[in-house]
file target-v6.txt (compact mmCIF, C-alpha atoms and all ligand atoms)
# COMPACT_ATOMS: atom_id res chain seq x y z
CA MET I 1 -46.04 166.46 139.76
CA VAL I 2 -43.45 164.82 137.55
CA SER I 3 -44.41 164.64 133.88
CA LYS I 4 -43.90 161.53 131.80
CA GLU I 5 -41.83 163.65 129.40
CA ARG I 6 -39.43 164.52 132.21
CA GLU I 7 -38.81 160.92 133.26
CA VAL I 8 -38.37 159.81 129.64
CA ALA I 9 -35.99 162.71 128.92
CA ILE I 10 -33.86 161.74 131.92
CA GLU I 11 -33.73 158.10 130.80
CA ALA I 12 -32.80 159.13 127.24
CA VAL I 13 -30.07 161.56 128.31
CA LEU I 14 -28.53 159.14 130.82
CA LYS I 15 -28.33 156.40 128.16
CA ALA I 16 -26.86 158.84 125.64
CA CYS I 17 -24.26 159.97 128.20
CA LYS I 18 -23.34 156.32 128.70
CA VAL I 19 -22.61 155.87 124.99
CA CYS I 20 -20.58 159.11 124.90
CA GLN I 21 -18.47 157.93 127.84
CA LYS I 22 -17.98 154.57 126.14
CA VAL I 23 -16.84 156.29 122.93
CA PHE I 24 -14.43 158.47 124.85
CA ASN I 25 -12.94 155.58 126.79
CA THR I 26 -12.61 153.20 123.87
CA LEU I 27 -12.04 155.51 120.89
CA VAL I 28 -10.68 158.87 121.99
CA LYS I 29 -8.24 157.32 124.43
CA GLY I 30 -7.50 154.15 122.50
CA GLU I 31 -7.54 155.02 118.83
CA THR I 32 -4.39 156.50 117.41
CA VAL I 33 -5.27 156.65 113.73
CA ILE I 34 -8.66 158.15 113.01
CA LYS I 35 -10.13 158.63 109.56
CA ALA I 36 -11.49 162.17 109.13
CA ASP I 37 -15.03 160.99 108.45
CA GLU I 38 -14.99 158.50 111.32
CA SER I 39 -13.72 160.59 114.17
CA PRO I 40 -14.82 159.46 117.64
CA VAL I 41 -16.95 162.54 117.92
CA THR I 42 -18.79 161.70 114.70
CA ILE I 43 -19.44 158.17 115.92
CA GLY I 44 -20.49 159.45 119.34
CA ASP I 45 -22.82 162.09 117.86
CA PHE I 46 -24.70 159.56 115.73
CA ALA I 47 -24.90 156.93 118.47
CA SER I 48 -26.11 159.49 121.02
CA GLN I 49 -28.83 160.88 118.71
CA ALA I 50 -29.95 157.33 117.80
CA ILE I 51 -30.25 156.38 121.48
CA VAL I 52 -32.26 159.46 122.37
CA SER I 53 -34.54 158.91 119.37
CA ILE I 54 -35.07 155.20 120.16
CA THR I 55 -35.83 155.99 123.82
CA LEU I 56 -38.34 158.74 122.94
CA LYS I 57 -40.08 156.45 120.45
CA LYS I 58 -40.53 153.75 123.08
CA TYR I 59 -42.80 156.05 125.14
CA PHE I 60 -44.07 158.55 122.52
CA PRO I 61 -44.43 156.69 119.19
CA ASP I 62 -45.48 159.87 117.30
CA PHE I 63 -42.75 162.12 118.71
CA LYS I 64 -41.14 164.81 116.55
CA LEU I 65 -37.44 165.62 116.88
CA VAL I 66 -35.26 168.54 115.82
CA GLY I 67 -31.78 167.01 115.91
CA GLU I 68 -28.35 168.11 114.85
CA GLU I 69 -27.56 164.95 112.87
CA ASN I 70 -28.99 163.02 109.92
CA SER I 71 -27.98 159.63 108.54
CA GLN I 72 -26.39 160.82 105.26
CA ALA I 73 -22.81 160.03 106.35
CA LEU I 74 -23.89 156.56 107.52
CA LYS I 75 -25.53 155.85 104.18
CA GLU I 76 -22.22 156.66 102.52
CA SER I 77 -19.96 154.62 104.80
CA GLU I 78 -20.54 150.99 105.64
CA SER I 79 -17.91 150.94 108.36
CA LEU I 80 -19.32 154.04 110.08
CA ARG I 81 -22.80 152.49 109.88
CA LYS I 82 -21.55 149.25 111.43
CA ARG I 83 -19.68 150.98 114.23
CA VAL I 84 -22.61 153.21 115.19
CA THR I 85 -25.05 150.29 115.04
CA GLY I 86 -22.74 148.14 117.17
CA LEU I 87 -22.34 150.88 119.78
CA VAL I 88 -26.06 151.58 120.07
CA ASN I 89 -26.90 147.89 120.39
CA SER I 90 -24.19 147.18 122.94
CA THR I 91 -25.26 150.17 125.05
CA LEU I 92 -29.00 149.45 124.93
CA GLU I 93 -28.56 145.66 124.90
CA THR I 94 -30.71 145.51 121.75
CA ASN I 95 -30.39 144.15 118.25
CA TYR I 96 -31.48 146.96 115.92
CA SER I 97 -30.59 146.71 112.24
CA GLU I 98 -28.47 149.34 110.50
CA GLU I 99 -31.64 150.56 108.73
CA GLU I 100 -33.49 150.97 112.04
CA ILE I 101 -30.60 152.96 113.50
CA MET I 102 -30.52 155.28 110.46
CA LYS I 103 -34.28 155.74 110.65
CA ALA I 104 -34.00 156.63 114.34
CA ILE I 105 -31.33 159.25 113.56
CA ASP I 106 -33.45 160.69 110.74
CA ARG I 107 -36.35 161.34 113.11
CA GLY I 108 -34.20 164.37 113.94
CA THR I 109 -34.82 166.07 110.61
CA PHE I 110 -38.02 167.78 111.82
CA GLU I 111 -38.01 171.50 111.06
CA GLY I 112 -39.51 172.69 114.36
CA GLY I 113 -41.54 175.90 114.38
CA SER I 114 -44.18 177.74 116.38
CA THR I 115 -46.89 175.10 116.73
CA GLY I 116 -47.24 171.64 118.21
CA ASN I 117 -44.95 169.64 120.47
CA PHE I 118 -41.47 168.53 119.57
CA TRP I 119 -38.14 167.55 121.10
CA VAL I 120 -34.79 169.25 120.42
CA ILE I 121 -31.54 167.27 120.74
CA ASP I 122 -27.87 168.16 120.63
CA PRO I 123 -26.36 164.67 120.92
CA ILE I 124 -22.88 165.95 121.88
CA ASP I 125 -22.66 169.66 122.56
CA GLY I 126 -19.10 170.89 122.95
CA THR I 127 -17.43 168.46 120.60
CA LYS I 128 -14.05 170.10 121.11
CA GLY I 129 -14.39 169.73 124.88
CA PHE I 130 -15.38 166.08 124.42
CA LEU I 131 -12.20 165.36 122.45
CA ARG I 132 -10.04 167.19 125.00
CA GLY I 133 -11.53 165.18 127.86
CA GLY I 134 -13.11 168.45 129.03
CA GLN I 135 -16.71 169.55 129.27
CA TYR I 136 -19.46 168.45 126.92
CA ALA I 137 -23.18 167.85 127.31
CA VAL I 138 -26.06 165.81 125.93
CA CYS I 139 -28.84 168.38 125.66
CA LEU I 140 -32.52 167.50 125.28
CA GLY I 141 -35.32 170.04 125.25
CA TYR I 142 -39.08 169.78 124.77
CA THR I 143 -40.95 172.58 123.02
CA VAL I 144 -44.68 173.32 123.09
CA ASN I 145 -46.02 175.92 120.65
CA GLY I 146 -42.60 177.50 120.20
CA GLU I 147 -41.73 177.62 123.90
CA VAL I 148 -39.31 175.33 125.73
CA THR I 149 -41.12 173.66 128.63
CA LEU I 150 -38.60 170.98 129.64
CA GLY I 151 -34.82 170.75 129.47
CA VAL I 152 -32.38 168.05 130.54
CA LEU I 153 -28.60 168.44 130.28
CA GLY I 154 -26.30 165.46 130.82
CA CYS I 155 -22.80 166.61 131.79
CA PRO I 156 -20.59 163.52 132.25
CA ASN I 157 -17.38 165.41 133.11
CA LEU I 158 -18.77 168.24 135.20
CA PRO I 159 -17.85 168.22 138.91
CA CYS I 160 -20.94 167.52 141.02
CA ASN I 161 -19.94 169.93 143.77
CA ASP I 162 -19.19 173.49 142.74
CA MET I 163 -16.22 173.33 140.40
CA ASP I 164 -14.31 170.85 142.57
CA GLU I 165 -12.16 168.95 140.09
CA ASP I 166 -11.07 166.46 142.77
CA GLY I 167 -14.57 165.38 143.77
CA PRO I 168 -17.15 163.22 141.95
CA LYS I 169 -18.08 164.12 138.37
CA GLY I 170 -21.12 163.62 136.20
CA CYS I 171 -24.49 165.25 136.72
CA LEU I 172 -27.80 166.03 135.10
CA PHE I 173 -29.53 169.39 135.17
CA ILE I 174 -33.30 169.26 134.87
CA GLY I 175 -35.69 172.16 134.37
CA GLU I 176 -39.42 172.01 133.86
CA LYS I 177 -41.50 175.11 133.25
CA GLY I 178 -43.21 176.15 136.46
CA TYR I 179 -41.55 173.43 138.55
CA GLY I 180 -38.03 174.78 139.12
CA ALA I 181 -34.57 173.44 138.35
CA PHE I 182 -32.73 170.46 139.79
CA GLN I 183 -29.41 168.65 139.75
CA ARG I 184 -29.25 164.86 139.81
CA ASN I 185 -25.79 163.34 140.20
CA PHE I 186 -24.96 160.29 138.11
CA GLY I 187 -25.76 157.15 140.06
CA SER I 188 -28.27 158.93 142.30
CA GLU I 189 -32.06 159.17 142.05
CA GLU I 190 -32.33 162.30 144.15
CA ASP I 191 -33.25 165.57 142.43
CA ILE I 192 -31.63 168.40 144.36
CA PRO I 193 -33.27 171.82 143.84
CA ILE I 194 -30.81 174.38 142.48
CA HIS I 195 -30.96 178.16 142.37
CA VAL I 196 -28.94 180.93 140.79
CA SER I 197 -26.45 182.84 142.93
CA SER I 198 -27.73 185.67 145.15
CA ILE I 199 -24.70 187.91 144.53
CA ASP I 200 -25.91 191.46 143.91
CA ASP I 201 -22.57 193.21 143.48
CA SER I 202 -21.15 192.74 140.01
CA ALA I 203 -17.61 193.30 141.34
CA LYS I 204 -17.94 189.97 143.19
CA ALA I 205 -19.39 188.14 140.19
CA LYS I 206 -17.83 185.39 138.08
CA PHE I 207 -18.56 185.09 134.40
CA CYS I 208 -18.28 182.17 132.05
CA GLU I 209 -17.82 181.93 128.32
CA SER I 210 -16.83 179.51 125.55
CA PHE I 211 -13.46 177.83 125.82
CA GLU I 212 -13.12 178.46 122.07
CA ALA I 213 -12.44 182.11 121.20
CA GLY I 214 -13.86 181.35 117.75
CA HIS I 215 -17.30 180.72 119.28
CA SER I 216 -17.51 183.88 121.36
CA SER I 217 -15.42 187.04 121.48
CA HIS I 218 -13.21 186.86 124.57
CA LYS I 219 -12.11 190.43 123.90
CA ASP I 220 -15.63 191.88 124.14
CA SER I 221 -16.44 189.92 127.28
CA ALA I 222 -13.19 191.08 128.93
CA GLU I 223 -14.20 194.71 128.26
CA ILE I 224 -17.66 194.11 129.69
CA ALA I 225 -16.18 192.40 132.74
CA LYS I 226 -13.90 195.38 133.28
CA LEU I 227 -16.85 197.80 133.19
CA LEU I 228 -18.63 195.61 135.74
CA ASN I 229 -15.51 195.64 137.97
CA ILE I 230 -15.31 191.85 137.72
CA SER I 231 -11.82 190.93 138.86
CA LEU I 232 -12.00 187.14 138.81
CA PRO I 233 -10.82 185.42 135.62
CA PRO I 234 -13.51 183.98 133.32
CA ILE I 235 -14.55 180.35 133.64
CA ARG I 236 -13.96 179.02 130.13
CA ILE I 237 -15.68 175.75 129.44
CA ASP I 238 -17.28 174.14 126.41
CA SER I 239 -20.94 173.35 125.88
CA GLN I 240 -24.23 174.04 127.66
CA CYS I 241 -22.53 173.07 130.94
CA LYS I 242 -22.21 176.88 131.20
CA TYR I 243 -25.97 177.13 131.70
CA GLY I 244 -25.71 174.47 134.41
CA ILE I 245 -23.09 176.35 136.37
CA ILE I 246 -25.13 179.58 136.18
CA ALA I 247 -28.24 177.68 137.31
CA ARG I 248 -26.52 176.25 140.39
CA GLY I 249 -24.78 179.50 141.28
CA ASN I 250 -21.10 178.80 140.45
CA ALA I 251 -21.08 181.86 138.19
CA GLN I 252 -23.47 184.79 137.76
CA VAL I 253 -22.99 185.74 134.11
CA TYR I 254 -22.68 183.81 130.83
CA LEU I 255 -21.65 185.92 127.85
CA ARG I 256 -21.77 184.67 124.25
CA PHE I 257 -20.83 186.97 121.39
CA PRO I 258 -20.42 184.93 118.19
CA ARG I 259 -18.82 186.33 115.07
CA GLU I 260 -20.88 188.58 112.79
CA GLY I 261 -23.39 186.56 110.77
CA TYR I 262 -23.42 183.47 113.00
CA ILE I 263 -26.94 182.33 113.86
CA GLU I 264 -27.29 180.00 116.83
CA ASN I 265 -28.94 176.58 116.52
CA THR I 266 -31.96 175.91 118.75
CA TRP I 267 -30.42 172.65 120.05
CA ASP I 268 -27.44 174.62 121.42
CA HIS I 269 -29.66 176.62 123.83
CA ALA I 270 -33.11 175.06 124.32
CA ALA I 271 -32.46 172.87 127.37
CA GLY I 272 -29.87 175.07 129.10
CA SER I 273 -31.77 178.34 128.80
CA LEU I 274 -34.89 176.85 130.42
CA ILE I 275 -32.84 175.40 133.28
CA VAL I 276 -31.36 178.85 134.06
CA LYS I 277 -34.82 180.46 133.93
CA GLU I 278 -36.30 177.81 136.21
CA ALA I 279 -33.38 178.35 138.62
CA GLY I 280 -34.40 182.03 138.87
CA GLY I 281 -32.08 183.56 136.27
CA ILE I 282 -32.67 185.56 133.10
CA VAL I 283 -31.66 184.51 129.57
CA CYS I 284 -31.80 186.80 126.54
CA ASP I 285 -29.77 187.79 123.51
CA MET I 286 -27.22 190.61 123.39
CA PHE I 287 -30.01 193.11 122.65
CA GLY I 288 -32.06 191.95 125.65
CA LYS I 289 -34.58 190.02 123.53
CA PRO I 290 -35.83 186.67 124.85
CA LEU I 291 -34.53 183.67 122.88
CA ASP I 292 -37.21 182.80 120.31
CA PHE I 293 -37.46 179.04 119.80
CA SER I 294 -40.42 179.29 117.41
CA GLN I 295 -38.34 180.03 114.31
CA GLY I 296 -37.42 176.50 113.24
CA ARG I 297 -33.97 175.00 113.62
CA LYS I 298 -32.20 178.32 114.16
CA LEU I 299 -32.57 181.22 116.60
CA SER I 300 -32.93 183.54 113.63
CA ASN I 301 -34.54 186.35 115.66
CA ASN I 302 -31.60 186.54 118.06
CA LYS I 303 -27.94 187.41 118.18
CA GLY I 304 -25.61 186.23 120.93
CA VAL I 305 -26.74 184.90 124.30
CA ILE I 306 -26.61 186.42 127.79
CA ALA I 307 -27.58 184.52 130.93
CA THR I 308 -27.40 186.03 134.40
CA ASN I 309 -28.58 185.41 137.95
CA GLY I 310 -31.24 188.06 137.31
CA ILE I 311 -30.14 190.30 140.19
CA ILE I 312 -27.28 191.91 138.25
CA HIS I 313 -28.97 191.53 134.85
CA SER I 314 -29.59 195.22 134.16
CA GLN I 315 -26.01 196.12 135.12
CA VAL I 316 -24.73 193.48 132.70
CA MET I 317 -27.00 194.69 129.88
CA ASN I 318 -25.90 198.29 130.44
CA ALA I 319 -22.24 197.26 130.25
CA ILE I 320 -22.94 195.35 127.02
CA LYS I 321 -24.64 198.41 125.54
CA SER I 322 -21.76 200.70 126.30
CA VAL I 323 -19.08 198.30 125.08
CA PHE I 324 -20.83 197.66 121.77
CA LYS I 325 -21.61 201.34 121.27
CA LEU I 326 -17.92 202.03 121.79
CA ASN I 327 -17.20 199.43 119.16
CA ASN I 328 -19.74 200.98 116.79
CA VAL I 329 -22.01 197.96 116.69
CA LEU I 330 -25.61 198.94 115.97
CA LEU I 331 -27.79 197.98 118.90
CA GLY I 332 -31.46 197.20 118.30
N1 LIG Z 401 -18.48 180.08 114.92
C1 LIG Z 401 -19.25 179.70 115.93
N2 LIG Z 401 -19.74 180.61 116.77
C2 LIG Z 401 -20.52 180.24 117.80
N3 LIG Z 401 -20.85 178.94 118.07
C3 LIG Z 401 -20.38 178.00 117.26
C4 LIG Z 401 -19.56 178.33 116.15
N4 LIG Z 401 -19.24 177.21 115.52
C5 LIG Z 401 -19.84 176.21 116.19
N5 LIG Z 401 -20.53 176.68 117.25
C6 LIG Z 401 -21.35 175.92 118.19
O1 LIG Z 401 -21.13 176.26 119.50
C7 LIG Z 401 -21.44 175.14 120.33
C8 LIG Z 401 -20.43 174.95 121.39
O2 LIG Z 401 -20.27 176.16 121.97
P1 LIG Z 401 -19.34 176.42 123.19
O3 LIG Z 401 -18.25 177.25 122.65
O4 LIG Z 401 -20.26 177.12 124.12
O5 LIG Z 401 -18.87 175.11 123.70
C9 LIG Z 401 -21.45 173.96 119.46
O6 LIG Z 401 -22.75 173.48 119.42
C10 LIG Z 401 -21.00 174.46 118.15
O7 LIG Z 401 -21.71 173.91 117.10
P2 LIG Z 401 -21.41 172.41 116.61
O8 LIG Z 401 -22.25 171.56 117.54
O9 LIG Z 401 -21.91 172.42 115.23
O10 LIG Z 401 -19.94 172.19 116.78
MG MG Z 402 -23.86 171.95 119.93

call {"tool": "encode", "arguments": {"input": "target-v6.txt", "output": "structure tokens", "more": "lines below"}}
Ligand SMILES: Nc1ncnc2c1ncn2[C@@H]1O[C@H](COP(=O)(O)O)[C@@H](O)[C@H]1OP(=O)(O)O
Ligand SMILES: [Mg+2]
result
Amino acid sequence: MVSKEREVAIEAVLKACKVCQKVFNTLVKGETVIKADESPVTIGDFASQAIVSITLKKYFPDFKLVGEENSQALKESESLRKRVTGLVNSTLETNYSEEEIMKAIDRGTFEGGSTGNFWVIDPIDGTKGFLRGGQYAVCLGYTVNGEVTLGVLGCPNLPCNDMDEDGPKGCLFIGEKGYGAFQRNFGSEEDIPIHVSSIDDSAKAKFCESFEAGHSSHKDSAEIAKLLNISLPPIRIDSQCKYGIIARGNAQVYLRFPREGYIENTWDHAAGSLIVKEAGGIVCDMFGKPLDFSQGRKLSNNKGVIATNGIIHSQVMNAIKSVFKLNNVLLG
């Protein structure tokens, strides 16, 4: 059974990916002088969130949305407002006013929490990857009583087949609680079931982590990889695409160790973590606690993120424990 939410989420994410690709092709490539407050990524973020919000409203008029963006910057800048409005209208072939676009973006100010149904959107996850022409994702999750039940990731630059850079690119990952995980390539209507890797020997495993060392300690993950006898170099890519490559078996371990004090946002993990779980993997924080999406806009009960194929999960958690004990970090 395919839920209405799932079909709507796919439509919303595909349209948002379209606007992101348009922004990249016309602004990132073409624009040489960019004002700080009107960077392509800012414009793309707002346009993507507006498109997702407008699409959700079409089918679910009372929807609630936890989104990364709000319209404050658009209220303060007429030219930003005009550009975002123009982009949304040209992509959707509509004629929304600037006020309607800002209202759509501001649907994303919902606080989330442990009760009721709401959507969670990261309009462009991996902004640095987006600007580099690397990996980024449009990430849409659906939460029921504090638990993610649906996740769709749109990954416009991700190779469709393994990590084959020479083949076709652009795919969706779809996960629905109890129904498994799927990949749908851009331009196709076929949902291909995906599953985590069956590798049971950590020495043969591949791990992935943030491209940006500032987002996750590369030093700690290298120590953990050494303990696990992982010899292959890490796959470093931006965004929730990392969850996608774990879910389809290109890597077995995703390690995320942010700096002390950093609390993750729910929109950075909602969709991807469900997709890995539905593909047969395990997702938790660095202490082994499940990610708790009932705490509002932040994962305030968690620290770091670990995703594995499940089979080598306990080995990975043991290696994490010993590395952080060695480094005198208090483990819960
Ligand atoms: N210091 C940080 N530590 C961990 N994650 C961060 C940090 N700063 C930003 N992020 C978030 O990490 C996500 C991208 O992570 P990755 O490294 O996996 O690509 C982004 O959503 C980004 O948030 P933002 O969307 O506000 O830029
Ligand atoms: Mg993000």

call {"tool": "closest_residue", "arguments": {"input": "target-v6.txt", "among": "I:Ala205, I:Val196, I:Val148, I:Cys241", "to": "Cys160 (chain I)", "atoms": "only C-alpha atoms"}}
result
I:Cys241

call {"tool": "closest_residue", "arguments": {"input": "target-v6.txt", "among": "I:Val66, I:Leu74, I:Ile311, I:Ala47", "to": "Leu87 (chain I)", "atoms": "only C-alpha atoms"}}
result
I:Ala47

call {"tool": "residues_near_ligand", "arguments": {"input": "target-v6.txt", "ligand": "ligand MG 402 (chain Z)", "cutoff": "7 Å", "atoms": "only C-alpha atoms and all ligand atoms", "output": "list of chain:residue names"}}
result
I:Asp122, I:Ile124, I:Asp125, I:Gly126, I:Ser239, I:Trp267, I:Asp268

call {"tool": "closest_atom_pairs", "arguments": {"input": "target-v6.txt", "of": "chain I", "to": "ligand LIG 401 (chain Z)", "cutoff": "10 Å", "atoms": "only C-alpha atoms and all ligand atoms", "output": "Markdown table"}}
result
| residue | atom | partner | partner_atom | distance |
| --- | --- | --- | --- | --- |
| I:Asp45 | CA | Z:LIG401 | O8 | 9.5 |
| I:Glu68 | CA | Z:LIG401 | O8 | 7.5 |
| I:Glu69 | CA | Z:LIG401 | O9 | 9.7 |
| I:Asp122 | CA | Z:LIG401 | O8 | 7.3 |
| I:Pro123 | CA | Z:LIG401 | O8 | 8.7 |
| I:Ile124 | CA | Z:LIG401 | O8 | 7.1 |
| I:Asp125 | CA | Z:LIG401 | O6 | 4.9 |
| I:Gly126 | CA | Z:LIG401 | O5 | 4.3 |
| I:Thr127 | CA | Z:LIG401 | O10 | 5.9 |
| I:Lys128 | CA | Z:LIG401 | O5 | 7.4 |
| I:Gly129 | CA | Z:LIG401 | O5 | 7.1 |
| I:Phe130 | CA | Z:LIG401 | O5 | 9.7 |
| I:Gln135 | CA | Z:LIG401 | O5 | 8.2 |
| I:Tyr136 | CA | Z:LIG401 | O5 | 7.4 |
| I:Ala137 | CA | Z:LIG401 | O5 | 9.2 |
| I:Cys208 | CA | Z:LIG401 | O4 | 9.6 |
| I:Glu209 | CA | Z:LIG401 | O4 | 6.8 |
| I:Ser210 | CA | Z:LIG401 | O3 | 3.9 |
| I:Phe211 | CA | Z:LIG401 | O3 | 5.8 |
| I:Glu212 | CA | Z:LIG401 | O3 | 5.3 |
| I:Ala213 | CA | Z:LIG401 | O3 | 7.7 |
| I:Gly214 | CA | Z:LIG401 | N1 | 5.6 |
| I:His215 | CA | Z:LIG401 | N2 | 3.5 |
| I:Ser216 | CA | Z:LIG401 | C2 | 5.9 |
| I:Ser217 | CA | Z:LIG401 | N2 | 9.1 |
| I:Arg236 | CA | Z:LIG401 | O3 | 8.8 |
| I:Ile237 | CA | Z:LIG401 | O5 | 6.6 |
| I:Asp238 | CA | Z:LIG401 | O5 | 3.3 |
| I:Ser239 | CA | Z:LIG401 | O5 | 3.5 |
| I:Gln240 | CA | Z:LIG401 | O4 | 6.1 |
| I:Cys241 | CA | Z:LIG401 | O4 | 8.3 |
| I:Lys242 | CA | Z:LIG401 | O4 | 7.3 |
| I:Tyr243 | CA | Z:LIG401 | O4 | 9.5 |
| I:Tyr254 | CA | Z:LIG401 | O4 | 9.8 |
| I:Leu255 | CA | Z:LIG401 | O4 | 9.7 |
| I:Arg256 | CA | Z:LIG401 | O4 | 7.7 |
| I:Phe257 | CA | Z:LIG401 | C2 | 7.6 |
| I:Pro258 | CA | Z:LIG401 | N2 | 4.6 |
| I:Arg259 | CA | Z:LIG401 | N2 | 6.0 |
| I:Glu260 | CA | Z:LIG401 | N2 | 9.0 |
| I:Gly261 | CA | Z:LIG401 | N1 | 9.1 |
| I:Tyr262 | CA | Z:LIG401 | N2 | 6.0 |
| I:Ile263 | CA | Z:LIG401 | C2 | 7.8 |
| I:Glu264 | CA | Z:LIG401 | N3 | 6.6 |
| I:Asn265 | CA | Z:LIG401 | O6 | 7.5 |
| I:Thr266 | CA | Z:LIG401 | O6 | 9.5 |
| I:Trp267 | CA | Z:LIG401 | O6 | 7.7 |
| I:Asp268 | CA | Z:LIG401 | O6 | 5.2 |
| I:His269 | CA | Z:LIG401 | O6 | 8.8 |
| I:Gly304 | CA | Z:LIG401 | C2 | 8.5 |

call {"tool": "residues_near_point", "arguments": {"input": "target-v6.txt", "point": "(-20.7, 191.8, 136.9)", "cutoff": "9 Å", "atoms": "all atoms listed in the file", "output": "ChimeraX atom specification"}}
result
/I:200-207,224-230,252-253,312-313,315-316,319

call {"tool": "residues_around", "arguments": {"input": "target-v6.txt", "residues": "region 280-291 of chain I", "least_positions_apart": "3", "cutoff": "7 Å", "atoms": "all atoms listed in the file", "output": "list in words"}}
result
His195, Val196, Ser273, Val276, Lys277, Asn302, Lys303, Gly304, Val305, Ile306, Ala307, Thr308, Asn309, Gly310, Leu331 and Gly332 of chain I

call {"tool": "residues_around", "arguments": {"input": "target-v6.txt", "residues": "Thr143 (chain I)", "least_positions_apart": "4", "cutoff": "10 Å", "atoms": "all atoms listed in the file", "output": "PyMOL selection string"}}
result
chain I and resi 65+112-120+147-151+270-271+293-294

call {"tool": "residues_around", "arguments": {"input": "target-v6.txt", "residues": "region 10-15 of chain I", "least_positions_apart": "3", "cutoff": "6 Å", "atoms": "all atoms listed in the file", "output": "JSON, numbers by chain"}}
result
{"I": [7, 18, 52, 55, 154]}

call {"tool": "atom_distance", "arguments": {"input": "target-v6.txt", "atom1": "CA of Gln21 (chain I)", "atom2": "CA of Val138 (chain I)"}}
result
11.1 Å

call {"tool": "atom_distance", "arguments": {"input": "target-v6.txt", "atom1": "CA of Ile194 (chain I)", "atom2": "CA of Ser53 (chain I)"}}
result
28.1 Å

call {"tool": "atom_distance", "arguments": {"input": "target-v6.txt", "atom1": "CA of Gly134 (chain I)", "atom2": "CA of Gly170 (chain I)"}}
result
11.8 Å

call {"tool": "closest_residue", "arguments": {"input": "target-v6.txt", "among": "I:Ile235, I:Val144, I:Ile199, I:Cys171", "to": "Lys64 (chain I)", "atoms": "only C-alpha atoms"}}
result
I:Val144

call {"tool": "closest_residue", "arguments": {"input": "target-v6.txt", "among": "I:Leu232, I:Asp162, I:Lys177, I:Ser322", "to": "Asn250 (chain I)", "atoms": "all atoms listed in the file"}}
result
I:Asp162

call {"tool": "closest_residue", "arguments": {"input": "target-v6.txt", "among": "I:Lys82, I:Arg297, I:Lys57, I:Lys22", "to": "Ile121 (chain I)", "atoms": "only C-alpha atoms"}}
result
I:Arg297

call {"tool": "decode", "arguments": {"input": "target-v6.txt", "residues": "region 207-219 of chain I", "atoms": "N, CA and C atoms", "output": "mmCIF file, in the first residue's frame"}}
result
data_model
loop_
_atom_site.group_PDB
_atom_site.id
_atom_site.type_symbol
_atom_site.label_atom_id
_atom_site.label_comp_id
_atom_site.auth_asym_id
_atom_site.auth_seq_id
_atom_site.Cartn_x
_atom_site.Cartn_y
_atom_site.Cartn_z
ATOM 1 N N PHE I 207 33.596 3.087 5.360
ATOM 2 C CA PHE I 207 32.817 4.022 6.166
ATOM 3 C C PHE I 207 32.722 5.367 5.472
ATOM 4 N N CYS I 208 31.686 6.105 5.815
ATOM 5 C CA CYS I 208 31.537 7.433 5.238
ATOM 6 C C CYS I 208 31.384 8.460 6.348
ATOM 7 N N GLU I 209 31.699 9.680 6.009
ATOM 8 C CA GLU I 209 31.651 10.768 6.988
ATOM 9 C C GLU I 209 31.522 12.092 6.231
ATOM 10 N N SER I 210 31.340 13.176 6.998
ATOM 11 C CA SER I 210 31.217 14.508 6.393
ATOM 12 C C SER I 210 32.447 14.851 5.571
ATOM 13 N N PHE I 211 32.225 15.539 4.476
ATOM 14 C CA PHE I 211 33.344 16.111 3.722
ATOM 15 C C PHE I 211 34.044 17.146 4.597
ATOM 16 N N GLU I 212 33.251 17.918 5.337
ATOM 17 C CA GLU I 212 33.783 19.018 6.161
ATOM 18 C C GLU I 212 34.280 18.488 7.509
ATOM 19 N N ALA I 213 35.583 18.660 7.780
ATOM 20 C CA ALA I 213 36.124 18.210 9.066
ATOM 21 C C ALA I 213 35.495 18.986 10.221
ATOM 22 N N GLY I 214 35.008 20.183 9.953
ATOM 23 C CA GLY I 214 34.366 20.987 10.994
ATOM 24 C C GLY I 214 33.018 20.434 11.443
ATOM 25 N N HIS I 215 32.433 19.538 10.632
ATOM 26 C CA HIS I 215 31.123 18.965 10.986
ATOM 27 C C HIS I 215 31.258 17.656 11.744
ATOM 28 N N SER I 216 32.389 16.988 11.567
ATOM 29 C CA SER I 216 32.574 15.684 12.208
ATOM 30 C C SER I 216 34.066 15.400 12.287
ATOM 31 N N SER I 217 34.510 14.929 13.449
ATOM 32 C CA SER I 217 35.947 14.736 13.658
ATOM 33 C C SER I 217 36.501 13.596 12.798
ATOM 34 N N HIS I 218 37.291 13.959 11.800
ATOM 35 C CA HIS I 218 37.913 12.948 10.946
ATOM 36 C C HIS I 218 38.957 12.153 11.726
ATOM 37 N N LYS I 219 39.528 12.798 12.732
ATOM 38 C CA LYS I 219 40.586 12.145 13.519
ATOM 39 C C LYS I 219 39.990 10.989 14.327
#
